Structures are given as C-alpha cells and as structure tokens.
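Just below is one structure, and these are the notes that go with it.
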Amino acid sequence: MKLSEFIVMNEAEKKRAVSTNAVAIAKRTSPGLVIFLFQIDNFYVEAYCNTSANRIEEYCVLPDTNAIGHYLESIPIDGLFG
C-alpha cells in the first residue's frame, strides 16, 4: 500500500487497512490515550485510542523513522545481539 492511498481513506477504510496490513511495533501512553504504532509497508501509522471510550479516535501518518524516535528508545534490542 502506498502512503498516498492511506491518506485519502476514510476512517473505516484506515481501520481495515491497519487491521489487515499493518504490523504492531510499539505503544505509548498520554493522559486519556494509548497510542499504538504500526508499520504498513514503508510508512508508519499511529492509532490514538481513547481509554474512556475504548475506541480509536484518530490515525496519524508518520512518513519515516525520523518521526518515530520517541518509540525507538522504548523498544528493547538487547536480546538481538548475542
């Protein structure tokens, strides 16, 4: 899937694309939110989940690894090097 295809999707289509094409990478929290990071092909998507309503309120596209720096710090990689 291309980034431009994802951007023009409506919310229901984005939800379907994330659930069928994305790989979950990480999550972070913010007051009232859990934000999940997914990778779809060569771009990243954040899904903002409202913890009170227990639903995704917004999808935010992140075009490259420069935009996910705050997640990279929390991903454990110690076990990858033996």
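Going through the structure tokens in order, the chains are called A, B, and so on, while each chain numbers its residues from 1 and the ligands are numbered from 1 in the order shown.
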
Next item on the list: Report the residues of segment 17-82 of chain A whose backbone DSSP state falls under strand (DSSP E), written as an MDAnalysis selection string.
Entry: chainID A and resid 23:30 33:40 43:50 55:62

Next item on the list: Enumerate as a count of residues only all residues of chain A assigned to helix (DSSP H, G or I) by DSSP on the backbone, naming them with the chain letters and numbers the document uses.
Entry: 27

Item checked: Within 12 Å of Asn42 of chain A using only C-alpha atoms, minus same-chain residues under 6 positions, as a ChimeraX atom specification -> /A:1-4,6,21-23,61-65

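Coordinates place atom CA of Ile40 of chain A at a distance of 23.1 Å from atom CA of Asn54 of chain A.
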
Selection near Asn50 of chain A, 12 Å with only C-alpha atoms, sequence-local residues under 2 positions removed, as a PDB file with C-alpha atoms, in the first residue's frame:
ATOM      1  CA  THR A  29       0.545   6.467  26.730  1.00  0.00           C
ATOM      2  CA  SER A  30      -0.636  10.003  27.195  1.00  0.00           C
ATOM      3  CA  PRO A  31      -3.350  11.211  29.591  1.00  0.00           C
ATOM      4  CA  GLY A  32      -6.585   9.560  28.429  1.00  0.00           C
ATOM      5  CA  LEU A  33      -4.910   7.879  25.447  1.00  0.00           C
ATOM      6  CA  VAL A  34      -2.991   4.818  24.405  1.00  0.00           C
ATOM      7  CA  ILE A  35      -1.158   5.463  21.146  1.00  0.00           C
ATOM      8  CA  PHE A  36      -0.225   2.419  19.085  1.00  0.00           C
ATOM      9  CA  ALA A  47      -3.619   4.971  16.210  1.00  0.00           C
ATOM     10  CA  TYR A  48      -4.887   7.189  19.048  1.00  0.00           C
ATOM     11  CA  SER A  52     -12.531   6.214  28.368  1.00  0.00           C
ATOM     12  CA  ALA A  53     -14.474   5.449  25.207  1.00  0.00           C
ATOM     13  CA  ASN A  54     -12.260   2.464  24.320  1.00  0.00           C
ATOM     14  CA  ARG A  55     -12.125   3.413  20.655  1.00  0.00           C
ATOM     15  CA  ILE A  56      -9.690   4.774  18.120  1.00  0.00           C
ATOM     16  CA  GLU A  57     -10.261   8.468  17.596  1.00  0.00           C
ATOM     17  CA  GLU A  58      -7.592   9.270  15.022  1.00  0.00           C
ATOM     18  CA  TYR A  59      -4.970   7.807  12.722  1.00  0.00           C
TER      19      TYR A  59
END

Next item on the list: Determine, counting only C-alpha atoms, which protein, DNA and RNA residues have an atom within 12 Å of an atom of Ala26 of chain A; residues of the same chain fewer than 5 positions away are not included. Present the result as a ChimeraX atom specification.
Entry: /A:34-39,44-47,68-76

Check: By how many Å are atom CA of Asn66 of chain A and atom CA of Asp78 of chain A apart?
Finding: 21.4 Å
